[in-house]
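So this block is upload.pdb, PDB, C-alpha atoms:
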ATOM      1  CA  MET A 375      10.030 -38.337 -15.160  1.00  0.00           C
ATOM      2  CA  LYS A 376       7.391 -35.843 -16.205  1.00  0.00           C
ATOM      3  CA  ALA A 377       5.236 -36.464 -19.257  1.00  0.00           C
ATOM      4  CA  ILE A 378       2.381 -34.875 -21.173  1.00  0.00           C
ATOM      5  CA  VAL A 379      -0.818 -36.903 -21.606  1.00  0.00           C
ATOM      6  CA  SER A 380      -3.344 -35.782 -24.209  1.00  0.00           C
ATOM      7  CA  VAL A 381      -6.903 -37.082 -24.353  1.00  0.00           C
ATOM      8  CA  PHE A 382      -9.426 -36.567 -27.166  1.00  0.00           C
ATOM      9  CA  SER A 383     -12.986 -37.834 -27.531  1.00  0.00           C
ATOM     10  CA  LYS A 384     -16.556 -36.893 -28.196  1.00  0.00           C
ATOM     11  CA  ASP A 385     -17.772 -35.357 -24.969  1.00  0.00           C
ATOM     12  CA  ARG A 386     -19.478 -37.586 -22.415  1.00  0.00           C
ATOM     13  CA  ILE A 387     -19.867 -37.751 -18.675  1.00  0.00           C
ATOM     14  CA  GLY A 388     -16.951 -39.223 -16.703  1.00  0.00           C
ATOM     15  CA  ILE A 389     -13.981 -38.800 -19.042  1.00  0.00           C
ATOM     16  CA  ILE A 390     -11.817 -37.005 -16.484  1.00  0.00           C
ATOM     17  CA  ALA A 391     -12.713 -39.567 -13.818  1.00  0.00           C
ATOM     18  CA  ASP A 392     -11.951 -42.489 -16.167  1.00  0.00           C
ATOM     19  CA  VAL A 393      -8.539 -41.123 -17.125  1.00  0.00           C
ATOM     20  CA  CYS A 394      -7.589 -40.185 -13.551  1.00  0.00           C
ATOM     21  CA  VAL A 395      -8.532 -43.662 -12.294  1.00  0.00           C
ATOM     22  CA  LEU A 396      -6.463 -45.175 -15.116  1.00  0.00           C
ATOM     23  CA  VAL A 397      -3.317 -43.167 -14.401  1.00  0.00           C
ATOM     24  CA  SER A 398      -3.629 -43.623 -10.644  1.00  0.00           C
ATOM     25  CA  SER A 399      -3.930 -47.397 -11.119  1.00  0.00           C
ATOM     26  CA  MET A 400      -0.394 -47.244 -12.564  1.00  0.00           C
ATOM     27  CA  ASN A 401       0.799 -45.074  -9.659  1.00  0.00           C
ATOM     28  CA  VAL A 402       1.251 -42.092 -11.975  1.00  0.00           C
ATOM     29  CA  ASN A 403       0.655 -38.721 -10.309  1.00  0.00           C
ATOM     30  CA  VAL A 404      -1.342 -35.950 -12.015  1.00  0.00           C
ATOM     31  CA  LEU A 405       0.497 -32.658 -11.477  1.00  0.00           C
ATOM     32  CA  ASP A 406      -1.702 -30.373 -13.570  1.00  0.00           C
ATOM     33  CA  LEU A 407      -4.454 -30.603 -16.143  1.00  0.00           C
ATOM     34  CA  SER A 408      -6.358 -28.442 -18.540  1.00  0.00           C
ATOM     35  CA  GLN A 409      -9.528 -29.485 -20.289  1.00  0.00           C
ATOM     36  CA  THR A 410     -12.043 -27.936 -22.612  1.00  0.00           C
ATOM     37  CA  ILE A 411     -14.958 -28.886 -24.793  1.00  0.00           C
ATOM     38  CA  MET A 412     -14.930 -27.559 -28.344  1.00  0.00           C
ATOM     39  CA  ASP A 413     -18.078 -28.060 -30.416  1.00  0.00           C
ATOM     40  CA  GLY A 414     -18.921 -31.299 -28.599  1.00  0.00           C
ATOM     41  CA  PHE A 415     -15.367 -32.666 -28.534  1.00  0.00           C
ATOM     42  CA  PHE A 416     -13.536 -33.131 -25.250  1.00  0.00           C
ATOM     43  CA  THR A 417      -9.836 -32.300 -25.096  1.00  0.00           C
ATOM     44  CA  MET A 418      -7.557 -32.603 -22.083  1.00  0.00           C
ATOM     45  CA  VAL A 419      -3.847 -32.129 -21.532  1.00  0.00           C
ATOM     46  CA  MET A 420      -2.282 -33.437 -18.325  1.00  0.00           C
ATOM     47  CA  LEU A 421       1.176 -33.009 -16.853  1.00  0.00           C
ATOM     48  CA  VAL A 422       2.001 -36.221 -15.004  1.00  0.00           C
ATOM     49  CA  ASP A 423       4.893 -37.629 -12.982  1.00  0.00           C
ATOM     50  CA  THR A 424       5.711 -41.222 -13.920  1.00  0.00           C
ATOM     51  CA  SER A 425       8.665 -41.615 -11.529  1.00  0.00           C
ATOM     52  CA  THR A 426       6.553 -43.324  -8.839  1.00  0.00           C
ATOM     53  CA  SER A 427       5.232 -45.992 -11.209  1.00  0.00           C
ATOM     54  CA  GLU A 428       6.730 -49.472 -11.257  1.00  0.00           C
ATOM     55  CA  LEU A 429       5.940 -49.645 -14.981  1.00  0.00           C
ATOM     56  CA  SER A 430       8.365 -48.538 -17.679  1.00  0.00           C
ATOM     57  CA  PHE A 431       7.426 -45.598 -19.884  1.00  0.00           C
ATOM     58  CA  PRO A 432       6.606 -47.898 -22.853  1.00  0.00           C
ATOM     59  CA  GLU A 433       4.371 -50.005 -20.583  1.00  0.00           C
ATOM     60  CA  ILE A 434       2.538 -46.892 -19.381  1.00  0.00           C
ATOM     61  CA  ARG A 435       2.144 -45.675 -22.978  1.00  0.00           C
ATOM     62  CA  ASP A 436       0.815 -49.002 -24.223  1.00  0.00           C
ATOM     63  CA  ARG A 437      -1.624 -49.361 -21.338  1.00  0.00           C
ATOM     64  CA  LEU A 438      -2.946 -45.812 -21.772  1.00  0.00           C
ATOM     65  CA  MET A 439      -3.523 -46.394 -25.473  1.00  0.00           C
ATOM     66  CA  ALA A 440      -5.156 -49.818 -24.998  1.00  0.00           C
ATOM     67  CA  GLU A 441      -7.397 -48.803 -22.094  1.00  0.00           C
ATOM     68  CA  GLY A 442      -8.241 -45.561 -23.867  1.00  0.00           C
ATOM     69  CA  GLU A 443      -9.490 -47.489 -26.883  1.00  0.00           C
ATOM     70  CA  LYS A 444     -11.711 -49.590 -24.623  1.00  0.00           C
ATOM     71  CA  LEU A 445     -13.161 -46.370 -23.178  1.00  0.00           C
ATOM     72  CA  GLY A 446     -13.611 -44.757 -26.597  1.00  0.00           C
ATOM     73  CA  LEU A 447     -10.820 -42.242 -25.954  1.00  0.00           C
ATOM     74  CA  SER A 448      -7.683 -41.321 -27.843  1.00  0.00           C
ATOM     75  CA  ILE A 449      -4.958 -41.141 -25.179  1.00  0.00           C
ATOM     76  CA  ARG A 450      -1.338 -40.354 -25.994  1.00  0.00           C
ATOM     77  CA  ILE A 451       1.656 -39.722 -23.730  1.00  0.00           C
ATOM     78  CA  GLN A 452       4.941 -38.028 -24.511  1.00  0.00           C
ATOM     79  CA  ARG A 453       7.970 -37.369 -22.339  1.00  0.00           C
ATOM     80  CA  GLU A 454       8.098 -33.734 -21.245  1.00  0.00           C
ATOM     81  CA  ASP A 455      11.609 -33.153 -22.606  1.00  0.00           C
ATOM     82  CA  ILE A 456      10.596 -34.362 -26.072  1.00  0.00           C
ATOM     83  CA  PHE A 457       7.363 -32.350 -25.944  1.00  0.00           C
ATOM     84  CA  ASP A 458       9.346 -29.209 -25.014  1.00  0.00           C
ATOM     85  CA  ALA A 459      11.896 -29.796 -27.770  1.00  0.00           C
ATOM     86  CA  MET A 460       9.153 -30.207 -30.387  1.00  0.00           C
ATOM     87  CA  HIS A 461       7.366 -27.022 -29.317  1.00  0.00           C
ATOM     88  CA  ARG A 462      10.382 -24.775 -28.823  1.00  0.00           C
ATOM     89  CA  VAL A 463      10.308 -21.727 -31.088  1.00  0.00           C
TER      90      VAL A 463
END

Starting from the file, give its structure as C-alpha cells.
Amino acid sequence: MKAIVSVFSKDRIGIIADVCVLVSSMNVNVLDLSQTIMDGFFTMVMLVDTSTSELSFPEIRDRLMAEGEKLGLSIRIQREDIFDAMHRV
C-alpha cells in the first residue's frame, strides 16, 4: 500500500537521514520525496510503499509519531487513497 508521509520541524542537519533510517528500519520503501525549507522551517512530503513491511499500518503510524517526537519532528502518515480523496477537486 502506498502512503504519504509528512514531516515538519525547525530546520537542522540530518532530518532527511533520520527519517529515511526510521522508515527503512520498518522495511518501508521511499518512492519519492520533496523537501523545502521555508523561513527556517523544514517540510518534507514522502511517497512510501508500506507493502513490504511486516508491521500493520497503525503500527507504522504509531512508531513514526513516537520516534518523530523523540527526534523533535512532527511526522504523520496517511494512506494514499485517503489523501487523494481529501485533495480531489

What's the 12 Å shell around stretch 397-411 of chain A, counting only C-alpha atoms, without same-chain residues fewer than 4 positions away, as JSON, numbers by chain? {"A": [375, 376, 377, 378, 379, 380, 381, 382, 383, 384, 385, 386, 387, 389, 390, 391, 392, 393, 415, 416, 417, 418, 419, 420, 421, 422, 423, 424, 425, 426, 427, 428, 429, 430, 431, 433, 434, 435, 436, 437, 438, 439, 441, 442, 449, 451]}

What is the atom CA of A:Arg450-atom CA of A:Met412 distance in Å, reported with one decimal?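 Interatomic distance, atom CA of A:Arg450 to atom CA of A:Met412: 18.8 Å.
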
Find the smallest box with edges along x, y and z containing every listed atom of stretch 404-418 of chain A, then add 5 Å on each side and report centre and edge lengths in Å to one decimal, as lines of an AutoDock Vina configuration file.
center_x = -9.2
center_y = -31.8
center_z = -20.9
size_x = 29.4
size_y = 18.4
size_z = 28.9
